[in-house]
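Structure file my_file-v9.csv (CSV, C-alpha atoms) follows.
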```csv
chain,number,residue,atom,x,y,z
G,78,MET,CA,0.6,19.1,12.4
G,79,GLU,CA,-2.6,16.9,12.6
G,80,PRO,CA,-5.6,18.0,10.6
G,81,GLU,CA,-8.5,19.4,12.6
G,82,THR,CA,-11.5,17.1,13.0
G,83,THR,CA,-14.6,18.3,11.2
G,84,ASN,CA,-18.0,17.0,10.4
G,85,SER,CA,-17.4,17.1,6.6
G,86,ILE,CA,-17.9,14.0,4.4
G,87,ASN,CA,-15.8,13.5,1.4
G,88,ILE,CA,-17.3,11.4,-1.4
G,89,ILE,CA,-15.4,9.9,-4.3
G,90,THR,CA,-17.9,8.4,-6.8
G,91,SER,CA,-17.8,5.3,-9.0
G,92,GLY,CA,-15.7,5.8,-12.1
G,93,THR,CA,-13.2,8.1,-10.4
G,94,VAL,CA,-9.6,7.0,-10.0
G,95,ILE,CA,-7.2,8.8,-7.6
G,96,LYS,CA,-3.5,8.1,-7.7
G,97,GLY,CA,-1.8,9.3,-4.6
G,98,ASP,CA,-2.2,9.4,-0.9
G,99,VAL,CA,-5.4,10.9,0.7
G,100,THR,CA,-5.4,12.6,4.1
G,101,ALA,CA,-8.7,14.0,5.5
G,102,SER,CA,-10.0,15.2,8.8
G,103,GLY,CA,-13.6,14.2,8.3
G,104,ASP,CA,-15.5,11.2,7.1
G,105,PHE,CA,-14.7,9.7,3.7
G,106,ARG,CA,-16.7,7.5,1.3
G,107,LEU,CA,-15.0,5.8,-1.6
G,108,ASP,CA,-17.0,4.3,-4.4
G,109,GLY,CA,-14.2,4.8,-7.0
G,110,LYS,CA,-10.6,3.6,-6.9
G,111,LEU,CA,-7.7,4.8,-4.9
G,112,GLU,CA,-4.1,3.9,-5.8
G,113,GLY,CA,-2.4,5.1,-2.6
G,114,ASN,CA,-2.7,5.3,1.1
G,115,ILE,CA,-5.6,6.9,3.1
G,116,GLN,CA,-5.4,8.5,6.5
G,117,LEU,CA,-8.5,9.8,8.3
G,118,ASN,CA,-9.5,11.2,11.6
G,119,GLY,CA,-13.0,10.1,10.9
G,120,LYS,CA,-14.9,7.1,9.4
G,121,LEU,CA,-14.1,5.4,6.1
G,122,VAL,CA,-16.8,3.8,4.0
G,123,ILE,CA,-15.6,1.8,1.0
G,124,GLY,CA,-18.7,1.2,-1.1
G,125,ASP,CA,-19.5,-1.9,-3.2
G,126,SER,CA,-17.6,-0.6,-6.2
G,127,GLY,CA,-14.8,1.0,-4.1
G,128,VAL,CA,-11.2,-0.3,-4.3
G,129,VAL,CA,-8.2,0.8,-2.3
G,130,ASN,CA,-4.8,-0.4,-3.3
G,131,GLY,CA,-2.8,0.9,-0.4
G,132,ASN,CA,-2.8,1.1,3.4
G,133,VAL,CA,-5.6,2.5,5.5
G,134,LEU,CA,-5.5,4.4,8.9
G,135,CYS,CA,-8.7,5.7,10.3
G,136,MET,CA,-11.0,5.8,13.4
G,137,ASN,CA,-13.8,3.5,12.1
G,138,ALA,CA,-14.3,1.7,8.8
G,139,ASN,CA,-17.2,0.0,7.0
G,140,ILE,CA,-15.8,-2.1,4.1
G,141,ILE,CA,-18.3,-3.2,1.5
G,142,GLY,CA,-15.8,-3.2,-1.4
G,143,THR,CA,-12.2,-4.1,-1.7
G,144,VAL,CA,-9.0,-3.3,0.2
G,145,ASN,CA,-5.6,-4.5,-1.0
G,146,GLY,CA,-3.3,-3.3,1.8
G,147,ASN,CA,-3.0,-3.1,5.6
G,148,LEU,CA,-5.7,-1.6,7.7
G,149,SER,CA,-5.3,0.1,11.1
G,150,VAL,CA,-8.6,1.1,12.7
G,151,LYS,CA,-8.6,2.7,16.1
G,152,GLU,CA,-12.2,1.8,17.0
G,153,LEU,CA,-14.5,-0.5,14.9
G,154,LEU,CA,-13.8,-2.3,11.6
G,155,SER,CA,-16.9,-3.8,9.9
G,156,LEU,CA,-16.5,-6.1,7.0
G,157,HIS,CA,-19.7,-6.5,5.2
G,158,SER,CA,-20.7,-9.7,3.3
G,159,SER,CA,-19.3,-8.4,0.0
G,160,ALA,CA,-16.0,-7.1,1.5
G,161,ARG,CA,-12.7,-8.3,0.1
G,162,VAL,CA,-9.6,-7.5,2.2
G,163,LYS,CA,-6.1,-8.7,1.4
G,164,GLY,CA,-3.7,-7.5,4.0
G,165,ASP,CA,-3.1,-7.4,7.8
G,166,ILE,CA,-5.4,-5.6,10.1
G,167,LEU,CA,-4.8,-3.9,13.5
G,168,ILE,CA,-8.1,-3.1,15.2
G,169,ASN,CA,-9.8,-2.5,18.5
G,170,LYS,CA,-13.1,-4.1,17.6
G,171,LEU,CA,-14.0,-6.3,14.5
G,172,SER,CA,-17.3,-7.3,12.9
G,173,ILE,CA,-17.3,-9.7,10.0
G,174,GLU,CA,-20.5,-10.7,8.2
G,175,PRO,CA,-20.8,-14.1,6.6
G,176,GLY,CA,-19.5,-14.0,3.0
G,177,ALA,CA,-16.7,-11.5,3.6
G,178,ILE,CA,-13.3,-12.5,2.5
G,179,PHE,CA,-10.3,-11.6,4.7
G,180,THR,CA,-6.8,-12.8,3.9
G,181,GLY,CA,-4.1,-11.7,6.3
G,182,LYS,CA,-3.2,-11.4,10.0
G,183,CYS,CA,-5.4,-9.7,12.6
G,184,ASN,CA,-4.0,-8.1,15.8
G,185,MET,CA,-6.1,-6.5,18.5
G,186,LEU,CA,-4.8,-3.1,19.7
G,187,ASP,CA,-5.1,-4.0,23.4
G,188,GLU,CA,-3.1,-7.2,22.9
G,189,VAL,CA,-0.4,-5.3,20.9
G,190,ARG,CA,-0.2,-2.7,23.7
G,191,LYS,CA,0.1,-5.4,26.4
G,192,GLN,CA,2.8,-7.2,24.4
G,193,GLN,CA,4.8,-3.9,23.9
G,194,ALA,CA,4.5,-3.1,27.6
G,195,ALA,CA,5.8,-6.6,28.5
G,196,GLU,CA,8.7,-6.2,26.1
G,197,GLN,CA,9.6,-2.8,27.5
G,198,ALA,CA,9.4,-4.2,31.1
G,199,ALA,CA,11.7,-7.1,30.2
G,200,ALA,CA,14.1,-4.7,28.5
G,201,SER,CA,14.2,-2.5,31.6
G,202,GLU,CA,14.9,-5.5,33.8
G,203,GLU,CA,17.8,-6.5,31.5
G,204,GLU,CA,19.3,-3.0,31.7
G,205,GLN,CA,19.1,-3.0,35.5
G,206,LYS,CA,21.1,-6.3,35.7
```
Re-express the file's structure as structure tokens.
Amino acid sequence: MEPETTNSINIITSGTVIKGDVTASGDFRLDGKLEGNIQLNGKLVIGDSGVVNGNVLCMNANIIGTVNGNLSVKELLSLHSSARVKGDILINKLSIEPGAIFTGKCNMLDEVRKQQAAEQAAASEEEQK
């Protein structure tokens, strides 16, 4: 069962540490530290002092702080100049400001979908032979 989308904003302030996975239906701002994965139906903002040690799945993301893990963003991922990302990203649109550090692989959702469709078509052809 997927959480219902709401207009709520969850804020975790600097100095707060969460150990465990976070699931939210609204927007989420992290200025503290998360040791776990995060899954949102809304927008994620990781503030300057924010750190995520885990994977991220969300609609949109503004990364100002640090992510150590993979990111999957269905719409727009913005890496600000102070962003530090170590992990692979799967995105629809990407914006990177000068000064941001990104270490990992980047795949565009449209390209992944095209590749999967081509692989499925090739597999269907093989089955028909």
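Our summary of the geometry notes that CA of Gly119 in chain G is positioned 27.0 Å from CA of Gln192 in chain G.
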Point-to-point distance in Å for CA of Ser158 in chain G and CA of Phe105 in chain G: 20.3 Å
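The shortest atom-to-atom distance to Gly103 in chain G, with only C-alpha atoms taken into account, belongs to G:Asn87 out of G:Ser149, G:Asn87, G:Ser126, G:Ser155.
Nearest residue to Asn145 in chain G among G:Gly164, G:Gly92, G:Gly127, G:Gly176 is G:Gly164, counting all atoms listed in the file.
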Give me the residues near range 183-188 of chain G as a PyMOL selection string, where near means some atom within 12 Å (using all atoms listed in the file) and where sequence neighbours in that chain fewer than 4 positions away do not count. chain G and resi 147-154+162-171+179+192-195
Write out the residues from the selection above, keeping C-alpha atoms, as an mmCIF file, in the frame of the given file.
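File result_28.cif, as written:
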```cif
data_model
loop_
_atom_site.group_PDB
_atom_site.id
_atom_site.type_symbol
_atom_site.label_atom_id
_atom_site.label_comp_id
_atom_site.auth_asym_id
_atom_site.auth_seq_id
_atom_site.Cartn_x
_atom_site.Cartn_y
_atom_site.Cartn_z
ATOM 1 C CA ASN G 147 -3.000 -3.100 5.600
ATOM 2 C CA LEU G 148 -5.700 -1.600 7.700
ATOM 3 C CA SER G 149 -5.300 0.100 11.100
ATOM 4 C CA VAL G 150 -8.600 1.100 12.700
ATOM 5 C CA LYS G 151 -8.600 2.700 16.100
ATOM 6 C CA GLU G 152 -12.200 1.800 17.000
ATOM 7 C CA LEU G 153 -14.500 -0.500 14.900
ATOM 8 C CA LEU G 154 -13.800 -2.300 11.600
ATOM 9 C CA VAL G 162 -9.600 -7.500 2.200
ATOM 10 C CA LYS G 163 -6.100 -8.700 1.400
ATOM 11 C CA GLY G 164 -3.700 -7.500 4.000
ATOM 12 C CA ASP G 165 -3.100 -7.400 7.800
ATOM 13 C CA ILE G 166 -5.400 -5.600 10.100
ATOM 14 C CA LEU G 167 -4.800 -3.900 13.500
ATOM 15 C CA ILE G 168 -8.100 -3.100 15.200
ATOM 16 C CA ASN G 169 -9.800 -2.500 18.500
ATOM 17 C CA LYS G 170 -13.100 -4.100 17.600
ATOM 18 C CA LEU G 171 -14.000 -6.300 14.500
ATOM 19 C CA PHE G 179 -10.300 -11.600 4.700
ATOM 20 C CA GLN G 192 2.800 -7.200 24.400
ATOM 21 C CA GLN G 193 4.800 -3.900 23.900
ATOM 22 C CA ALA G 194 4.500 -3.100 27.600
ATOM 23 C CA ALA G 195 5.800 -6.600 28.500
#
```
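Between CA of Asn132 in chain G and CA of Leu111 in chain G there is a distance of 10.3 Å.
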Nearest to Ile95 in chain G, chosen from G:Ala200, G:Leu107, G:Leu156, G:Met136, with only C-alpha atoms counted in the distances: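 Between G:Ala200, G:Leu107, G:Leu156, G:Met136, the residue approaching Ile95 in chain G most closely is G:Leu107.
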From the set G:Gln197, G:Thr100, G:Thr143, G:Asn137, which residue has the shortest atom-to-atom contact distance to His157 in chain G, counting only C-alpha atoms? G:Thr143
Please list as a ChimeraX atom specification every residue within 6 Å of Leu117 in chain G, counting only C-alpha atoms and excluding residues in the same chain fewer than 5 positions away. /G:100-102,135
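Proximity to Ile141 in chain G at 6 Å, evaluated using only C-alpha atoms and with sequence-adjacent residues fewer than 2 positions away removed, yields Ile123, Gly124, Asp125, His157, Ser159 and Ala160 of chain G.
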Nearest to Ile86 in chain G among G:Leu121, G:Ala177, G:Ile115, G:Ile140, with distances taken over only C-alpha atoms: which residue is it?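 Among the listed residues, G:Leu121 lies closest to Ile86 in chain G.
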